[in-house]
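> Pasting protein07.cif here (mmCIF, C-alpha atoms):
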data_structure
loop_
_atom_site.label_atom_id
_atom_site.label_comp_id
_atom_site.auth_asym_id
_atom_site.auth_seq_id
_atom_site.Cartn_x
_atom_site.Cartn_y
_atom_site.Cartn_z
CA MET A 8 -24.92 -26.23 -4.95
CA PRO A 9 -21.34 -24.91 -4.61
CA ARG A 10 -18.68 -27.39 -5.49
CA ASP A 11 -16.08 -28.60 -3.00
CA THR A 12 -12.97 -26.56 -3.72
CA GLY A 13 -10.87 -27.88 -0.89
CA THR A 14 -10.65 -24.50 0.84
CA THR A 15 -10.35 -25.34 4.55
CA TRP A 16 -10.23 -22.02 6.36
CA THR A 17 -11.65 -22.08 9.88
CA ALA A 18 -13.54 -19.06 11.21
CA GLN A 19 -10.59 -18.28 13.49
CA GLN A 20 -8.11 -18.44 10.61
CA LEU A 21 -10.27 -16.06 8.58
CA GLU A 22 -10.43 -13.66 11.52
CA THR A 23 -6.67 -13.81 12.04
CA ARG A 24 -5.88 -13.36 8.38
CA TYR A 25 -8.21 -10.41 8.04
CA ARG A 26 -7.08 -8.82 11.30
CA ASN A 27 -3.48 -8.83 10.08
CA SER A 28 -4.11 -7.74 6.50
CA PHE A 29 -2.29 -4.60 5.37
CA GLY A 30 -5.47 -2.62 4.72
CA ARG A 31 -6.96 -3.26 8.15
CA ALA A 32 -3.71 -2.57 10.02
CA ALA A 33 -3.21 0.64 8.04
CA GLY A 34 -6.70 1.83 8.95
CA TYR A 35 -8.17 1.68 5.45
CA LEU A 36 -10.48 -1.30 5.99
CA PRO A 37 -13.10 -1.89 8.74
CA LYS A 38 -11.76 -3.12 12.05
CA SER A 39 -14.13 -6.08 12.15
CA ARG A 40 -14.65 -8.72 9.47
CA ALA A 41 -18.39 -8.55 10.13
CA ALA A 42 -18.31 -4.90 9.10
CA LEU A 43 -16.35 -5.81 5.97
CA ASP A 44 -18.96 -8.44 5.09
CA ALA A 45 -21.75 -5.91 5.58
CA TRP A 46 -19.95 -3.41 3.34
CA LEU A 47 -19.38 -6.04 0.65
CA GLU A 48 -23.02 -7.08 0.64
CA ASP A 49 -24.24 -3.49 0.48
CA PHE A 50 -21.83 -2.60 -2.32
CA SER A 51 -22.81 -5.69 -4.32
CA ARG A 52 -26.48 -4.85 -3.86
CA VAL A 53 -25.87 -1.37 -5.34
CA VAL A 54 -23.93 -2.87 -8.26
CA HIS A 55 -26.68 -5.40 -8.96
CA GLU A 56 -29.33 -2.68 -8.87
CA LYS A 57 -27.33 -0.58 -11.35
CA HIS A 58 -26.90 -3.61 -13.58
CA ALA A 59 -30.67 -4.21 -13.54
CA ARG A 60 -31.21 -0.60 -14.69
CA ASN A 61 -28.48 -0.85 -17.37
CA ALA A 62 -26.77 2.00 -15.50
CA ILE A 63 -23.24 0.61 -15.50
CA VAL A 64 -20.87 2.18 -18.03
CA ARG A 65 -18.10 -0.16 -19.15
CA ARG A 66 -14.77 1.60 -18.66
CA ARG A 67 -11.99 1.12 -21.18
CA SER A 68 -9.56 -0.34 -18.66
CA VAL A 69 -12.16 -2.80 -17.37
CA ASP A 70 -12.93 -3.78 -20.95
CA ASP A 71 -9.23 -4.53 -21.43
CA LEU A 72 -9.39 -6.92 -18.47
CA ALA A 73 -12.52 -8.53 -19.93
CA ARG A 74 -10.72 -9.18 -23.23
CA LEU A 75 -7.72 -10.67 -21.41
CA ILE A 76 -9.95 -13.07 -19.48
CA GLU A 77 -11.80 -14.03 -22.65
CA ARG A 78 -8.67 -14.89 -24.65
CA ASP A 79 -6.50 -16.38 -21.84
CA GLY A 80 -7.99 -19.66 -20.66
CA ILE A 81 -5.62 -19.98 -17.69
CA VAL A 82 -6.50 -16.53 -16.34
CA ARG A 83 -10.19 -17.28 -16.95
CA MET A 84 -9.90 -20.55 -15.02
CA TYR A 85 -8.15 -18.94 -12.04
CA ALA A 86 -10.52 -15.97 -11.97
CA SER A 87 -13.62 -18.19 -12.07
CA ARG A 88 -12.30 -20.51 -9.39
CA MET A 89 -11.26 -17.71 -7.05
CA ILE A 90 -14.74 -16.16 -7.26
CA ASP A 91 -16.33 -19.53 -6.45
CA GLU A 92 -13.98 -20.23 -3.55
CA ALA A 93 -14.25 -16.69 -2.18
CA ASP A 94 -18.04 -17.04 -2.11
CA GLU A 95 -17.68 -20.19 -0.03
CA LEU A 96 -15.74 -18.25 2.61
CA HIS A 97 -18.83 -16.13 3.38
CA PRO A 98 -21.77 -18.14 2.05
CA GLU A 99 -24.38 -16.28 4.11
CA ALA A 100 -24.20 -13.14 1.93
CA LYS A 101 -27.22 -12.53 -0.29
CA HIS A 102 -25.36 -10.12 -2.57
CA LYS A 103 -21.82 -10.96 -3.66
CA VAL A 104 -19.67 -11.29 -6.78
CA ASN A 105 -21.32 -14.14 -8.65
CA ASP A 106 -19.13 -14.58 -11.72
CA ILE A 107 -16.62 -12.84 -14.00
CA PRO A 108 -19.13 -10.44 -15.67
CA ASP A 109 -20.31 -9.48 -12.19
CA LEU A 110 -16.70 -8.87 -11.08
CA LEU A 111 -16.25 -6.54 -14.07
CA ASP A 112 -19.40 -4.62 -13.09
CA HIS A 113 -18.02 -4.13 -9.58
CA LEU A 114 -14.73 -2.81 -10.97
CA ASP A 115 -16.58 -0.42 -13.30
CA CYS A 116 -18.33 1.08 -10.27
CA ILE A 117 -15.07 1.49 -8.33
CA VAL A 118 -13.15 3.29 -11.11
CA THR A 119 -15.26 6.45 -10.75
CA SER A 120 -15.63 6.33 -6.95
CA THR A 121 -13.92 8.66 -4.49
CA PRO A 122 -13.11 7.79 -0.86
CA GLU A 123 -15.43 9.59 1.53
CA TYR A 124 -14.35 10.65 4.99
CA LEU A 125 -15.83 8.69 7.87
CA PRO A 126 -15.05 9.66 11.47
CA LYS A 127 -12.57 7.69 13.53
CA SER A 128 -15.40 6.84 15.92
CA ASP A 129 -17.01 4.76 13.16
CA PRO A 130 -15.55 1.23 13.56
CA ASP A 131 -17.03 0.19 10.22
CA ARG A 132 -15.38 2.84 8.07
CA ASN A 133 -13.91 1.65 4.80
CA PHE A 134 -11.59 3.60 2.49
CA PHE A 135 -10.38 0.73 0.26
CA PRO A 136 -13.20 -0.56 -1.99
CA MET A 137 -10.98 -2.63 -4.29
CA SER A 138 -9.10 -4.23 -1.41
CA SER A 139 -12.46 -5.01 0.17
CA LEU A 140 -13.68 -6.55 -3.06
CA PHE A 141 -10.57 -8.73 -3.28
CA VAL A 142 -10.16 -9.71 0.41
CA TYR A 143 -11.64 -13.18 0.19
CA MET A 144 -10.46 -13.77 -3.38
CA MET A 145 -6.88 -13.17 -2.25
CA MET A 146 -7.23 -15.87 0.41
CA THR A 147 -7.86 -18.65 -2.15
CA GLU A 148 -5.27 -20.73 -3.97
CA PRO A 149 -6.43 -19.62 -7.45
CA GLY A 150 -6.50 -16.05 -6.12
CA TYR A 151 -2.87 -16.31 -5.02
CA ALA A 152 -2.04 -17.50 -8.54
CA VAL A 153 -4.02 -15.04 -10.65
CA PHE A 154 -2.94 -11.94 -8.72
CA ARG A 155 0.66 -12.94 -9.50
CA ASP A 156 -0.06 -13.47 -13.20
CA GLN A 157 1.70 -10.77 -15.25
CA GLY A 158 -1.14 -10.35 -17.71
CA PHE A 159 -3.83 -10.10 -15.04
CA ASN A 160 -1.65 -7.77 -12.96
CA GLY A 161 -1.02 -5.58 -15.99
CA ALA A 162 -4.73 -5.30 -16.67
CA LEU A 163 -5.35 -4.37 -13.04
CA LEU A 164 -2.65 -1.71 -13.37
CA GLY A 165 -4.61 -0.21 -16.25
CA ILE A 166 -7.74 -0.11 -14.08
CA LEU A 167 -5.84 1.50 -11.22
CA ARG A 168 -4.41 4.14 -13.55
CA GLU A 169 -7.88 5.02 -14.81
CA TRP A 170 -9.08 5.25 -11.22
CA CYS A 171 -6.03 7.39 -10.35
CA ALA A 172 -6.90 9.72 -13.25
CA HIS A 173 -10.37 10.17 -11.74
CA LEU A 174 -8.84 10.93 -8.32
CA ASP A 175 -6.51 13.45 -10.00
CA SER A 176 -9.46 15.23 -11.61
CA ASP A 177 -11.77 17.91 -10.24
CA ASP A 178 -14.57 15.34 -10.33
CA SER A 179 -13.10 14.01 -7.08
CA GLN A 180 -13.20 17.39 -5.27
CA GLU A 181 -16.71 17.00 -3.95
CA VAL A 182 -15.71 14.83 -0.99
CA LEU A 183 -13.43 17.54 0.39
CA ASN A 184 -15.72 20.40 1.40
CA ARG A 185 -18.85 18.58 2.51
CA ALA A 186 -19.96 19.25 6.07
CA ASP A 187 -18.71 15.75 6.91
CA GLY A 188 -15.90 15.67 4.32
CA TRP A 189 -12.12 15.52 4.42
CA LEU A 190 -11.86 19.18 5.50
CA SER A 191 -14.52 18.86 8.22
CA PRO A 192 -13.70 19.58 11.89
CA ALA A 193 -13.62 15.84 12.67
CA ALA A 194 -11.14 15.15 9.86
CA TRP A 195 -9.14 18.25 10.74
CA ASP A 196 -8.67 16.97 14.28
CA GLU A 197 -7.98 13.33 13.36
CA LEU A 198 -5.51 14.05 10.56
CA GLY A 199 -3.78 16.99 12.24
CA LEU A 200 -4.53 19.18 9.25
CA ASP A 201 -3.16 22.25 11.02
CA GLN A 202 0.30 20.87 10.09
CA PHE A 203 -0.42 21.07 6.35
CA ARG A 204 -0.59 23.73 3.66
CA ILE A 205 -4.31 24.39 3.25
CA ASP A 206 -5.84 27.52 1.72
CA PRO A 207 -8.59 28.74 4.09
CA ASN A 208 -9.97 31.06 1.40
CA ASP A 209 -10.59 28.28 -1.13
CA PRO A 210 -13.74 26.12 -0.76
CA HIS A 211 -11.66 23.00 -1.44
CA GLY A 212 -8.69 24.06 0.67
CA GLY A 213 -6.68 24.85 -2.46
CA PHE A 214 -6.72 21.19 -3.54
CA PRO A 215 -7.70 20.62 -7.20
CA SER A 216 -8.49 16.95 -6.56
CA TYR A 217 -8.78 14.26 -3.91
CA ASN A 218 -5.29 12.99 -4.73
CA ALA A 219 -3.88 16.48 -4.21
CA PHE A 220 -5.38 16.39 -0.72
CA PHE A 221 -4.11 12.86 -0.08
CA ARG A 222 -0.52 13.88 -0.87
CA ARG A 223 -0.87 17.28 0.83
CA GLU A 224 2.32 19.12 1.77
CA LEU A 225 3.53 20.06 5.23
CA LYS A 226 3.78 23.68 6.30
CA ALA A 227 7.32 25.05 6.24
CA GLY A 228 9.11 24.30 9.51
CA THR A 229 6.54 21.74 10.68
CA ARG A 230 9.01 18.84 10.77
CA PRO A 231 12.54 20.22 11.32
CA VAL A 232 15.34 17.88 10.28
CA ASP A 233 17.09 16.23 13.22
CA GLY A 234 20.86 16.64 13.07
CA LYS A 235 20.57 18.75 9.92
CA ASP A 236 24.28 19.59 10.00
CA ASP A 237 25.39 16.36 11.65
CA PRO A 238 26.25 13.68 9.04
CA SER A 239 26.24 10.97 11.71
CA ILE A 240 22.45 11.21 12.12
CA VAL A 241 20.15 9.34 9.72
CA VAL A 242 16.52 10.45 9.68
CA ALA A 243 13.22 8.80 8.73
CA ALA A 244 12.17 9.15 5.11
CA ASN A 245 8.46 9.05 5.97
CA ASP A 246 5.73 8.99 8.55
CA GLY A 247 4.68 5.54 9.69
CA LYS A 248 5.26 2.68 12.11
CA VAL A 249 8.22 0.31 12.29
CA VAL A 250 7.58 -3.04 10.61
CA ARG A 251 10.96 -4.70 10.91
CA ILE A 252 14.69 -3.98 11.23
CA ARG A 253 17.03 -6.62 9.83
CA ARG A 254 20.83 -6.68 9.79
CA ASN A 255 23.22 -8.73 7.66
CA ILE A 256 20.91 -9.03 4.65
CA GLN A 257 21.95 -11.38 1.88
CA HIS A 258 22.23 -11.21 -1.91
CA ARG A 259 19.51 -13.77 -2.51
CA ASP A 260 17.27 -15.56 -0.05
CA GLU A 261 15.37 -18.29 -1.86
CA GLN A 262 12.90 -18.35 1.05
CA PHE A 263 11.78 -14.69 0.79
CA TRP A 264 8.34 -16.02 -0.15
CA ALA A 265 8.03 -18.42 2.78
CA LYS A 266 6.90 -18.23 6.37
CA GLY A 267 9.65 -16.59 8.45
CA GLN A 268 11.25 -15.28 5.26
CA LEU A 269 14.16 -12.89 5.05
CA TYR A 270 14.87 -9.95 2.76
CA SER A 271 16.37 -10.87 -0.61
CA LEU A 272 18.51 -8.10 -2.12
CA ALA A 273 18.57 -9.44 -5.67
CA ASP A 274 14.78 -9.47 -5.76
CA MET A 275 14.25 -6.21 -3.88
CA LEU A 276 16.67 -4.23 -6.05
CA ASP A 277 15.46 -5.70 -9.35
CA GLY A 278 18.92 -6.78 -10.50
CA SER A 279 20.52 -3.35 -9.99
CA ASP A 280 24.29 -3.11 -10.53
CA LEU A 281 24.45 -1.72 -7.00
CA THR A 282 22.96 -4.82 -5.38
CA ASP A 283 26.23 -6.37 -4.21
CA SER A 284 27.19 -3.22 -2.34
CA PHE A 285 24.39 -3.88 0.17
CA ILE A 286 25.35 -7.47 1.07
CA GLY A 287 25.71 -7.74 4.84
CA GLY A 288 23.95 -4.42 5.34
CA ASP A 289 20.68 -3.41 6.99
CA VAL A 290 16.99 -2.97 6.12
CA PHE A 291 14.67 -0.61 7.99
CA GLN A 292 11.01 -1.12 6.96
CA SER A 293 7.97 0.91 8.00
CA PHE A 294 4.38 1.28 6.78
CA LEU A 295 2.17 4.32 6.33
CA SER A 296 -1.39 4.54 7.62
CA GLY A 297 -4.18 6.45 5.94
CA GLY A 298 -3.74 9.61 7.99
CA ASP A 299 0.04 9.80 7.58
CA TYR A 300 1.94 12.32 5.48
CA HIS A 301 2.40 10.61 2.09
CA ARG A 302 5.47 12.36 0.73
CA TRP A 303 8.93 10.98 1.45
CA HIS A 304 12.29 12.64 1.96
CA ALA A 305 16.02 12.01 1.90
CA PRO A 306 17.32 10.26 5.05
CA VAL A 307 20.89 11.44 4.30
CA THR A 308 22.74 14.09 2.33
CA GLY A 309 24.32 12.97 -0.93
CA VAL A 310 24.03 12.59 -4.70
CA VAL A 311 21.27 10.60 -6.42
CA ARG A 312 23.07 7.96 -8.50
CA SER A 313 19.99 6.11 -9.80
CA ALA A 314 16.22 6.66 -9.58
CA ARG A 315 13.51 4.56 -11.20
CA VAL A 316 10.16 2.88 -10.59
CA VAL A 317 9.75 -0.90 -10.91
CA GLU A 318 6.22 -1.72 -12.09
CA ALA A 319 5.41 -5.02 -10.41
CA LEU A 320 2.65 -6.71 -8.38
CA MET A 321 0.02 -4.85 -6.37
CA PHE A 322 -2.63 -7.15 -4.89
CA THR A 323 -0.61 -10.04 -3.55
CA GLU A 324 0.06 -11.43 -0.10
CA LEU A 325 2.29 -14.13 1.34
CA GLU A 326 0.65 -17.49 0.87
CA GLY A 327 -0.29 -19.86 3.66
CA VAL A 328 0.23 -17.57 6.66
CA ASP A 329 -2.72 -17.32 9.05
CA GLU A 330 -1.04 -16.30 12.29
CA PRO A 331 -0.76 -12.87 13.98
CA SER A 332 2.43 -12.01 12.06
CA ALA A 333 0.74 -12.48 8.65
CA GLY A 334 0.56 -8.76 7.90
CA THR A 335 4.21 -8.16 8.75
CA GLN A 336 5.40 -11.18 6.78
CA SER A 337 3.37 -10.11 3.76
CA GLN A 338 4.99 -6.68 3.87
CA VAL A 339 8.47 -8.21 3.89
CA TYR A 340 7.41 -10.41 0.96
CA GLY A 341 6.04 -7.31 -0.79
CA ALA A 342 9.47 -5.67 -0.64
CA SER A 343 10.62 -8.24 -3.23
CA VAL A 344 7.59 -8.36 -5.52
CA ASN A 345 5.50 -5.18 -5.30
CA THR A 346 5.57 -2.02 -7.40
CA ARG A 347 8.36 0.07 -5.88
CA GLY A 348 10.71 2.98 -6.36
CA LEU A 349 14.48 2.58 -6.19
CA VAL A 350 16.33 5.78 -5.30
CA PHE A 351 20.06 5.27 -4.66
CA ILE A 352 21.80 8.12 -2.80
CA GLU A 353 25.56 8.15 -2.41
CA ALA A 354 26.52 9.81 0.89
CA PRO A 355 30.00 10.52 2.29
CA ALA A 356 31.69 7.81 4.39
CA PRO A 357 30.90 6.04 6.59
CA ILE A 358 27.35 5.90 5.23
CA GLY A 359 28.11 5.25 1.57
CA MET A 360 25.24 4.15 -0.69
CA VAL A 361 21.68 4.25 0.67
CA CYS A 362 18.60 2.94 -1.15
CA VAL A 363 15.24 4.55 -0.48
CA MET A 364 12.55 2.07 -1.57
CA PRO A 365 8.92 3.26 -1.44
CA LEU A 366 6.47 0.37 -1.94
CA GLY A 367 3.01 0.65 -3.50
CA MET A 368 0.62 -1.82 -1.88
CA THR A 369 -2.98 -2.47 -3.01
CA GLU A 370 -5.36 0.14 -4.48
CA ILE A 371 -3.64 2.75 -6.66
CA SER A 372 -0.07 1.58 -5.89
CA SER A 373 1.24 4.85 -7.31
CA VAL A 374 4.89 5.77 -6.70
CA THR A 375 6.04 9.13 -8.13
CA LEU A 376 9.70 10.23 -8.01
CA THR A 377 10.58 13.93 -7.91
CA VAL A 378 14.38 13.49 -8.21
CA ARG A 379 16.62 12.37 -11.06
CA PRO A 380 20.11 10.83 -11.27
CA GLY A 381 22.73 13.48 -10.67
CA ASP A 382 20.61 15.56 -8.29
CA ARG A 383 22.28 16.56 -5.06
CA VAL A 384 19.93 16.21 -2.10
CA THR A 385 20.25 17.48 1.42
CA LYS A 386 18.92 15.46 4.31
CA GLY A 387 15.20 16.23 4.54
CA ASP A 388 14.70 17.15 0.85
CA GLN A 389 11.66 15.64 -0.86
CA LEU A 390 12.30 12.58 -3.06
CA GLY A 391 8.75 11.69 -4.14
CA TYR A 392 5.22 10.89 -3.05
CA PHE A 393 2.43 8.30 -3.00
CA SER A 394 -1.00 8.92 -4.48
CA TYR A 395 -4.07 7.38 -2.82
CA GLY A 396 -3.50 3.80 -1.77
CA GLY A 397 -1.49 1.55 0.50
CA SER A 398 2.19 2.17 1.03
CA SER A 399 5.28 0.95 2.82
CA MET A 400 8.94 2.03 2.88
CA CYS A 401 12.29 0.25 3.05
CA LEU A 402 15.62 1.96 3.68
CA LEU A 403 18.69 -0.10 2.80
CA PHE A 404 22.17 0.63 4.19
CA GLN A 405 25.57 -0.83 3.36
CA LYS A 406 27.42 -3.12 5.75
CA GLY A 407 29.04 -1.16 8.57
CA ALA A 408 27.26 2.11 7.82
CA ILE A 409 24.84 2.00 10.76
CA GLY A 410 26.33 1.77 14.22
CA GLU A 411 23.04 1.93 16.08
CA PHE A 412 19.35 2.18 15.30
CA LEU A 413 17.65 4.71 17.58
CA VAL A 414 14.15 3.24 17.32
CA ARG A 415 13.11 -0.22 18.44
CA ASP A 416 12.66 -3.16 16.11
CA ASN A 417 9.09 -4.43 16.02
CA THR A 418 9.44 -7.96 17.36
CA THR A 419 5.73 -8.43 18.06
CA GLY A 420 4.80 -9.50 14.52
CA ASP A 421 1.89 -7.04 14.77
CA MET A 422 2.13 -4.10 12.36
CA GLU A 423 -0.03 -1.88 14.58
CA LYS A 424 2.35 -2.27 17.53
CA GLY A 425 5.42 -0.90 15.80
CA ASP A 426 6.98 2.27 17.19
CA PRO A 427 5.75 5.41 15.38
CA ILE A 428 8.22 7.39 13.31
CA LYS A 429 7.96 10.87 11.79
CA VAL A 430 9.64 12.13 8.63
CA ASN A 431 12.94 13.96 9.35
CA ALA A 432 13.19 12.54 12.90
CA ARG A 433 16.34 10.58 13.75
CA ILE A 434 16.19 6.80 13.40
CA ALA A 435 19.89 5.78 13.34
CA ARG A 436 23.45 6.83 14.07
CA THR A 437 26.42 5.98 11.89
CA THR A 438 29.35 3.76 12.84
CA GLY A 439 32.01 5.60 14.81
CA SER A 440 29.82 8.51 15.91
CA THR A 441 30.13 9.76 19.49
CA GLY A 442 26.48 9.34 20.40
CA LYS A 443 26.30 12.95 21.64
CA ALA A 444 24.46 14.40 18.64
#
With the file now loaded, output its structure as structure tokens.


Amino acid sequence: MPRDTGTTWTAQQLETRYRNSFGRAAGYLPKSRAALDAWLEDFSRVVHEKHARNAIVRRRSVDDLARLIERDGIVRMYASRMIDEADELHPEAKHKVNDIPDLLDHLDCIVTSTPEYLPKSDPDRNFFPMSSLFVYMMMTEPGYAVFRDQGFNGALLGILREWCAHLDSDDSQEVLNRADGWLSPAAWDELGLDQFRIDPNDPHGGFPSYNAFFRRELKAGTRPVDGKDDPSIVVAANDGKVVRIRRNIQHRDEQFWAKGQLYSLADMLDGSDLTDSFIGGDVFQSFLSGGDYHRWHAPVTGVVRSARVVEALMFTELEGVDEPSAGTQSQVYGASVNTRGLVFIEAPAPIGMVCVMPLGMTEISSVTLTVRPGDRVTKGDQLGYFSYGGSSMCLLFQKGAIGEFLVRDNTTGDMEKGDPIKVNARIARTTGSTGKA
């Protein structure tokens, strides 16, 4: 008989939390929680059948996690408790993660998997197996704790890198050219693939791997740069939807982790020497859905003064929020704690320093920079890209740089209701500009 863990989620709270999770809002997870539960049970059944046949191969990265759990009693305690409590959140399932060895088996099966295309008409489609596996675990108190543990997070990073290596290999090509694959007519229509560089003479579209397809490049001239020769126009760095626009951001907000939290510069910028220059400035945050273009570009013209990746958390959400704004608040929280890039571009006055901050969220959490300090970039030039996985983007501006944002703030608290933005399209105008650009 399951022990009483003190988890007191109501059915409505579970629905709300799931409905506003990043993966569901971004279109990677099933729209309904019932569909998620069905997927979880089916996946666990397959894992258990493989285990019974001794058909599961222990991957090196998963073995590293197993050794960590074995030697670290605190991690082992949290991991065991989160599995128990997660099971209690959907007790009707016949197949589920039963214990730590079973969790490791599930991860072994994910590391060599490749996302398969499912049509938009399928409400149960699921592109995020690891997020699905962790959904209920991340809703428990021990889950909140263990996914923030540096050792556990580091071991997960190793697993994600091994999975990323699979998705970078030609072993992942097979999902591209199937009749119902990522290059099928249905996918072509949904993803607007006519906008992208695809080789019609190659059976895999010219993509050597699934990840190459995921971070596919736009055709030349597809997204012209708004105000290319007008320095008063700031453009979007990425495709996506507006999450939040905040002005007068502060050096440190000790409540960045709490309900109704604000952005905290010291945490977001990882102690950068440039942090103080953004006090009183603005943050523009957006998130990318699965079908969006996953490369990101310079919002202004200038010189790259610093460029680095901060390896941090991946599977973590804001604790104790079960209302419709949960997804948005977790994204703002993620800007201070998640794996992220920090690209500082110095532009001429009145813009000054701008920070482009791509955020890796869940799954692979891969952020790759294609610029280095000292590079001169022109508005619209590529700065980097995301590999398969969840992603968000923050743009930070100095105080007084932005006179007016040209897209609406998302005040609904619902990520899916944010205004859409497209890379290279105008999002702001600088202070002192005429407004006639």

> Given the choices A:Cys401, A:Val316, A:Ile166, A:Ile240, which gets closest to Tyr270 (chain A) if the distance is worked out from only C-alpha atoms?

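Checking each candidate against Tyr270 (chain A), we get A:Cys401 as the closest.
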
> For the structure provided, state which residues fall under the PyMOL selection byres ((chain A and resi 151-163) around 9), and present them as a PyMOL selection string.

chain A and resi 68-69+71-72+75-76+81-82+85-86+89+144-150+164-168+319-326

> With only C-alpha atoms as the counted atoms, please give the residues lying no more than 10 Å from Thr438 (chain A), apart from itself and same-chain residues fewer than 2 positions off, as JSON, numbers by chain.

{"A": [239, 356, 357, 358, 407, 408, 409, 410, 411, 435, 436, 440, 441, 442]}

> Residues of region 332-422 of chain A that approach region 198-222 of chain A to 12 Å or less, counting only C-alpha atoms: could you list each one with the shortest pair of atoms and its distance in Å to one decimal, rows by chain and increasing residue number, as JSON lines?


{"residue": "A:Ile371", "atom": "CA", "partner": "A:Asn218", "partner_atom": "CA", "distance": 10.6}
{"residue": "A:Ser373", "atom": "CA", "partner": "A:Asn218", "partner_atom": "CA", "distance": 10.7}
{"residue": "A:Val374", "atom": "CA", "partner": "A:Arg222", "partner_atom": "CA", "distance": 11.4}
{"residue": "A:Thr375", "atom": "CA", "partner": "A:Arg222", "partner_atom": "CA", "distance": 10.9}
{"residue": "A:Gly391", "atom": "CA", "partner": "A:Arg222", "partner_atom": "CA", "distance": 10.1}
{"residue": "A:Tyr392", "atom": "CA", "partner": "A:Arg222", "partner_atom": "CA", "distance": 6.8}
{"residue": "A:Phe393", "atom": "CA", "partner": "A:Arg222", "partner_atom": "CA", "distance": 6.7}
{"residue": "A:Ser394", "atom": "CA", "partner": "A:Asn218", "partner_atom": "CA", "distance": 5.9}
{"residue": "A:Tyr395", "atom": "CA", "partner": "A:Asn218", "partner_atom": "CA", "distance": 6.1}
{"residue": "A:Gly396", "atom": "CA", "partner": "A:Phe221", "partner_atom": "CA", "distance": 9.2}
{"residue": "A:Gly397", "atom": "CA", "partner": "A:Phe221", "partner_atom": "CA", "distance": 11.6}

> Return the single residue from A:Leu47, A:Ala18, A:Ala73, A:Leu174 that is closest to Asn133 (chain A), with distances computed using all atoms listed in the file.

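Among A:Leu47, A:Ala18, A:Ala73, A:Leu174, it is A:Leu47 that comes nearest to Asn133 (chain A).
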
> As an exercise, work out the distance from CA of Val53 (chain A) to CA of Glu99 (chain A) in Å and give it to one decimal place.

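Here the two named atoms are 17.7 Å from each other.
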
> To verify the selection step, state as a PyMOL selection string which residues the PyMOL selection byres ((chain A and resi 413-417) around 9) yields on this input.

chain A and resi 248-253+291+411-412+418-422+424-428+433-436

> So the first atom is CA of Asp237 (chain A) and the second is CA of Lys386 (chain A); what is the distance between them in Å, to one decimal place?

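Atom-to-atom, CA of Asp237 (chain A) and CA of Lys386 (chain A) are spaced 9.8 Å apart.
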
> Calculated over all atoms listed in the file, which of the candidates A:Ser128, A:Asn255, A:Ser337, A:Thr437 has the smallest distance to Ala354 (chain A)?

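Comparing A:Ser128, A:Asn255, A:Ser337, A:Thr437 against Ala354 (chain A), the winner is A:Thr437.
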
> (1.1, 10.9, 7.3) in this file's frame - what residues fall within 9 Å of it? Use all atoms listed in the file and give the answer as a PyMOL selection string.

chain A and resi 198+222+245-247+295-302+429-430

> Kindly resolve the PyMOL selection byres ((chain A and resi 387) around 10) on the present coordinates and return the residues as a PyMOL selection string.

chain A and resi 230-233+235+241-245+303-308+384-386+388-390+430-432

> Which residues are close to Tyr25 (chain A), i.e. within 12 Å by all atoms listed in the file, leaving aside same-chain residues fewer than 3 positions away? Reply as an mmCIF file with C-alpha atoms, keeping the file's coordinate frame.


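Wrote it out as result-v3.cif, contents follow:
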data_model
loop_
_atom_site.group_PDB
_atom_site.id
_atom_site.type_symbol
_atom_site.label_atom_id
_atom_site.label_comp_id
_atom_site.auth_asym_id
_atom_site.auth_seq_id
_atom_site.Cartn_x
_atom_site.Cartn_y
_atom_site.Cartn_z
ATOM 1 C CA TRP A 16 -10.230 -22.020 6.360
ATOM 2 C CA ALA A 18 -13.540 -19.060 11.210
ATOM 3 C CA GLN A 19 -10.590 -18.280 13.490
ATOM 4 C CA GLN A 20 -8.110 -18.440 10.610
ATOM 5 C CA LEU A 21 -10.270 -16.060 8.580
ATOM 6 C CA GLU A 22 -10.430 -13.660 11.520
ATOM 7 C CA SER A 28 -4.110 -7.740 6.500
ATOM 8 C CA PHE A 29 -2.290 -4.600 5.370
ATOM 9 C CA GLY A 30 -5.470 -2.620 4.720
ATOM 10 C CA ARG A 31 -6.960 -3.260 8.150
ATOM 11 C CA ALA A 32 -3.710 -2.570 10.020
ATOM 12 C CA LEU A 36 -10.480 -1.300 5.990
ATOM 13 C CA PRO A 37 -13.100 -1.890 8.740
ATOM 14 C CA LYS A 38 -11.760 -3.120 12.050
ATOM 15 C CA SER A 39 -14.130 -6.080 12.150
ATOM 16 C CA ARG A 40 -14.650 -8.720 9.470
ATOM 17 C CA ALA A 41 -18.390 -8.550 10.130
ATOM 18 C CA ALA A 42 -18.310 -4.900 9.100
ATOM 19 C CA LEU A 43 -16.350 -5.810 5.970
ATOM 20 C CA ASP A 44 -18.960 -8.440 5.090
ATOM 21 C CA SER A 138 -9.100 -4.230 -1.410
ATOM 22 C CA SER A 139 -12.460 -5.010 0.170
ATOM 23 C CA PHE A 141 -10.570 -8.730 -3.280
ATOM 24 C CA VAL A 142 -10.160 -9.710 0.410
ATOM 25 C CA TYR A 143 -11.640 -13.180 0.190
ATOM 26 C CA MET A 145 -6.880 -13.170 -2.250
ATOM 27 C CA MET A 146 -7.230 -15.870 0.410
ATOM 28 C CA GLU A 324 0.060 -11.430 -0.100
ATOM 29 C CA VAL A 328 0.230 -17.570 6.660
ATOM 30 C CA ASP A 329 -2.720 -17.320 9.050
ATOM 31 C CA GLU A 330 -1.040 -16.300 12.290
ATOM 32 C CA PRO A 331 -0.760 -12.870 13.980
ATOM 33 C CA SER A 332 2.430 -12.010 12.060
ATOM 34 C CA ALA A 333 0.740 -12.480 8.650
ATOM 35 C CA GLY A 334 0.560 -8.760 7.900
#
